[in-house]
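Shown next, in structure tokens, is the structure this report addresses.
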Amino acid sequence: MTTPAGSGVGFGSVCWWGLSPALDLQAESPPVDPDSQADTAHKTPELDVLLLGSVDGRHLLRTLARAALWPRRRFNFYVVENNLEAVARHMLIFSLALEEPEKMGLQERSETFLEVWGNALLRPPVAAVVRAQAERLANLVPEPDRLAEQLPWLSLSALKFRERDALEAVFRFWSGGEKGPEAFPMSRLWDSRLRHYLGSRYDARRGVSDWDLRMKLHDRGAQVIHSQEFRRWRDTGVAFELRDPRAYHVPNRTLASGRLLSHRGERVAARGYWGDIATGPFVAFGIEADDQSLLRTSNGQPVKTAGEITQHNVTELFREVAAWGRQKAAQDDTDQEQPGGCPKPQPWTSASARESFTVHFLPLGSAQTLHHKRCHQGRFQLLYVACGMVHLLGPELGACVAPGGNLVVELARYLVDLRPEQLQAFSTRVEELARAAGFARQIGPSPSETFARFCKSGDSVPGGLDPTVGSEPLPGEVLTRPLEVMSPPRADQVPATESLSLSSPLQGSSAQIPLQGSLATPTESPAGNLESVSTPDQVPHP
């Protein structure tokens, strides 16, 4: 069997990396209103951002790195994901990015981040770092007081108790609670996904990867991705080879996730790799750069690969975040100095981090119920929706955005499985959903093919919704019937032979379809409590 083009199966049901370049969220939000109400505790204006399916924290890190270029603000990031493994990766990534320089140097941090974030296999030293960080986080999650003391930028108070327990189980699995590579045989899982995806094209997989790269990704603006690095990632799952290739042999457990499969008429939990095997992690940091010399070409060929650009961008990102933290700490000292005092610049302490930003993780599947809480009604100046969470965009979310707030929606430009007509239909559908939610399209000189941008007028009432009562059905004349590619089958309709992936192209961003909510409930599928599924032949059949 060969997977048909346009099916979206290659993107799986869980996404571990972004499918669009990192954004500076301050540049996407409305400008600071000098008459706006400032936070009385911090004496600085606040920026409240709600992100659905941001997956890897790239937008948050980019925003912190560019904060020094903007008027001083305090950031409140509210993140909604649909699986706890994505929440755990957020926490791990930020722990690495904000690690003290005395404990881990800049180069080591950036290389560790790249391998953990985008590689299916790790080097033993990097795997040891993951185990240590996971053990630390597993001990902090059940103790809110210690968590607030050691990670002041993190808030898990909105999560349910069962979600926190499942989150702890994920970290326990990462830390090596189940010993040996057989607990998560990544190489076998990856090859199994690839064989199932390509079918009869498996023996011609090199030609398939070259076609997808040159005829799709290159045509859509990702020319810097080199065929050799893309082919290596397609074959082995290793996107960033920073050392000897033979050093990469430890499975990256942070890419494990749970799923419910049908076995003899019953739903059983299984652990496996259900992520992307089509596009790769090169888009998020590897196709754009502030230093334009990295993007120059010679004889029509880019002089730098996407991996090299990614490494440069991530290193500079971490450097800028650290510099902003030191500057923030120095400003705080200056504000508190006595007349005639001469404050000495201090490193970024926990206190300064608490004063700078907070990442709030909201319960899974809470996007359409946030408007029921008064504290979220009309609060957010910016709403970001990943392409796999677009089906959640509606009047309920519109009620959470402040008048004059902005909406940014990630489009499906880099989903290589989608045909041009499907991409156009997706963009049209996004505009319909945004209009029904109370947003109007922002008119710019050159519309982006990667993001759709909208703004909310001050007198707009999304879909006639009364946020204190509940959600109203969307107007039929505004919302057309959902596209076929946006309507995945129910769980009981998914054949067992296709259990390694789902058929909706919207799943490329973060397993973001209604089906996934039932497949990854906190009590049923934390990665720490599941059995591994390795090959299609081993998947239980009904």
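All residue names refer to the structure tokens as shown: chains lettered A, B, ... in order, residues numbered from 1 in each chain, ligands numbered from 1 in order.
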Among region 410-464 of chain A, which ones does DSSP assign to strand (DSSP E) (computed from the backbone)? Answer as a ChimeraX atom specification. /A:410,439-441,451-456
Those residues with N, CA, C and O atoms, as a CSV table (one decimal), in the first residue's frame please?
chain,number,residue,atom,x,y,z
A,410,GLU,N,-1.1,30.3,12.0
A,410,GLU,CA,-0.1,29.6,11.2
A,410,GLU,C,-0.8,28.8,10.1
A,410,GLU,O,-1.7,28.1,10.3
A,439,PHE,N,-13.0,38.7,13.9
A,439,PHE,CA,-11.7,39.3,13.5
A,439,PHE,C,-11.9,39.7,12.0
A,439,PHE,O,-12.6,39.1,11.3
A,440,ALA,N,-11.1,40.7,11.7
A,440,ALA,CA,-11.0,41.2,10.3
A,440,ALA,C,-9.6,41.0,9.8
A,440,ALA,O,-8.6,41.2,10.6
A,441,ARG,N,-9.4,40.7,8.5
A,441,ARG,CA,-8.1,40.5,8.0
A,441,ARG,C,-7.3,41.8,8.0
A,441,ARG,O,-7.8,42.8,7.6
A,451,PHE,N,1.8,33.0,7.6
A,451,PHE,CA,0.9,33.3,8.6
A,451,PHE,C,-0.3,34.2,8.1
A,451,PHE,O,-0.1,35.0,7.2
A,452,ALA,N,-1.4,34.0,8.7
A,452,ALA,CA,-2.6,34.9,8.4
A,452,ALA,C,-2.8,35.8,9.6
A,452,ALA,O,-2.9,35.3,10.7
A,453,ARG,N,-2.9,37.1,9.4
A,453,ARG,CA,-3.0,38.0,10.5
A,453,ARG,C,-4.3,38.7,10.4
A,453,ARG,O,-4.8,39.2,9.4
A,454,PHE,N,-4.9,38.9,11.6
A,454,PHE,CA,-6.2,39.5,11.8
A,454,PHE,C,-6.2,40.4,13.0
A,454,PHE,O,-5.4,40.3,13.8
A,455,CYS,N,-7.2,41.3,13.0
A,455,CYS,CA,-7.3,42.2,14.2
A,455,CYS,C,-8.8,42.2,14.6
A,455,CYS,O,-9.7,41.9,13.8
A,456,LYS,N,-9.0,42.5,15.9
A,456,LYS,CA,-10.4,42.5,16.4
A,456,LYS,C,-10.8,44.0,16.7
A,456,LYS,O,-10.1,44.7,17.4
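Counting only C-alpha atoms, the residue from A:Ala323, A:Val224, A:Leu370, A:Val359 that sits nearest to Thr305 (chain A) is A:Val224.
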Set the distance at 12 Å and use only C-alpha atoms: which residues neighbour Ala158 (chain A) once local chain neighbours fewer than 4 positions away are removed? I'd like the list as a PyMOL selection string. chain A and resi 78-80+144+154+162-164+359-364+366+370
Need to verify the contact set: Phe161 (chain A), 12 Å, only C-alpha atoms, exclusion of same-chain residues closer than 2 positions in sequence. Can you return it as a VMD selection string? chain A and resid 141 to 144 156 to 159 163 to 168 363 522 to 523
A:Val409, A:Val238, A:Leu96, A:Leu60 ranked by distance to Ala132 (chain A), top pick (using only C-alpha atoms): A:Leu96
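For the pair CA of Ala97 (chain A) and CA of Thr315 (chain A), the separation is 9.9 Å.
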Contact residues around region 378-387 of chain A with only C-alpha atoms at 8 Å, ignoring same-chain residues under 2 positions, as a PyMOL selection string: chain A and resi 25+28-30+47-54+375-376+389-390+393+399-412+506+508-510
Within 10 Å of Ala68 (chain A) using only C-alpha atoms, minus same-chain residues under 3 positions, as a PDB file with N, CA and C atoms, in the first residue's frame:
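The new file result-v7.pdb reads:
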ATOM      1  N   THR A  63      10.606  36.037  21.427  1.00  0.00           N
ATOM      2  CA  THR A  63      10.068  37.252  22.042  1.00  0.00           C
ATOM      3  C   THR A  63      10.972  37.745  23.168  1.00  0.00           C
ATOM      4  N   LEU A  64      11.448  36.825  24.001  1.00  0.00           N
ATOM      5  CA  LEU A  64      12.349  37.222  25.087  1.00  0.00           C
ATOM      6  C   LEU A  64      13.673  37.742  24.535  1.00  0.00           C
ATOM      7  N   ALA A  65      14.168  37.114  23.465  1.00  0.00           N
ATOM      8  CA  ALA A  65      15.446  37.536  22.893  1.00  0.00           C
ATOM      9  C   ALA A  65      15.365  38.937  22.304  1.00  0.00           C
ATOM     10  N   PRO A  71       9.854  48.827  24.248  1.00  0.00           N
ATOM     11  CA  PRO A  71       9.593  49.396  25.587  1.00  0.00           C
ATOM     12  C   PRO A  71       9.392  48.281  26.604  1.00  0.00           C
ATOM     13  N   ARG A  72       9.764  48.574  27.820  1.00  0.00           N
ATOM     14  CA  ARG A  72       9.749  47.561  28.863  1.00  0.00           C
ATOM     15  C   ARG A  72       8.336  47.072  29.144  1.00  0.00           C
ATOM     16  N   ARG A  73       8.155  45.754  29.115  1.00  0.00           N
ATOM     17  CA  ARG A  73       6.864  45.135  29.398  1.00  0.00           C
ATOM     18  C   ARG A  73       7.090  43.837  30.162  1.00  0.00           C
ATOM     19  N   GLU A 320      21.108  36.327  23.299  1.00  0.00           N
ATOM     20  CA  GLU A 320      20.283  37.518  23.481  1.00  0.00           C
ATOM     21  C   GLU A 320      19.383  37.391  24.709  1.00  0.00           C
ATOM     22  N   VAL A 321      18.852  36.191  24.948  1.00  0.00           N
ATOM     23  CA  VAL A 321      18.025  35.988  26.132  1.00  0.00           C
ATOM     24  C   VAL A 321      18.844  36.230  27.395  1.00  0.00           C
ATOM     25  N   ALA A 323      21.587  38.059  27.644  1.00  0.00           N
ATOM     26  CA  ALA A 323      21.934  39.481  27.719  1.00  0.00           C
ATOM     27  C   ALA A 323      20.748  40.312  28.201  1.00  0.00           C
ATOM     28  N   TRP A 324      19.551  39.984  27.734  1.00  0.00           N
ATOM     29  CA  TRP A 324      18.363  40.704  28.186  1.00  0.00           C
ATOM     30  C   TRP A 324      18.126  40.461  29.670  1.00  0.00           C
ATOM     31  N   GLY A 325      18.362  39.238  30.121  1.00  0.00           N
ATOM     32  CA  GLY A 325      18.202  38.946  31.536  1.00  0.00           C
ATOM     33  C   GLY A 325      19.163  39.737  32.397  1.00  0.00           C
ATOM     34  N   GLN A 327      20.529  42.597  31.556  1.00  0.00           N
ATOM     35  CA  GLN A 327      20.100  43.994  31.474  1.00  0.00           C
ATOM     36  C   GLN A 327      18.900  44.244  32.376  1.00  0.00           C
ATOM     37  N   LYS A 328      17.987  43.295  32.409  1.00  0.00           N
ATOM     38  CA  LYS A 328      16.809  43.428  33.268  1.00  0.00           C
ATOM     39  C   LYS A 328      17.212  43.455  34.737  1.00  0.00           C
TER      40      LYS A 328
END
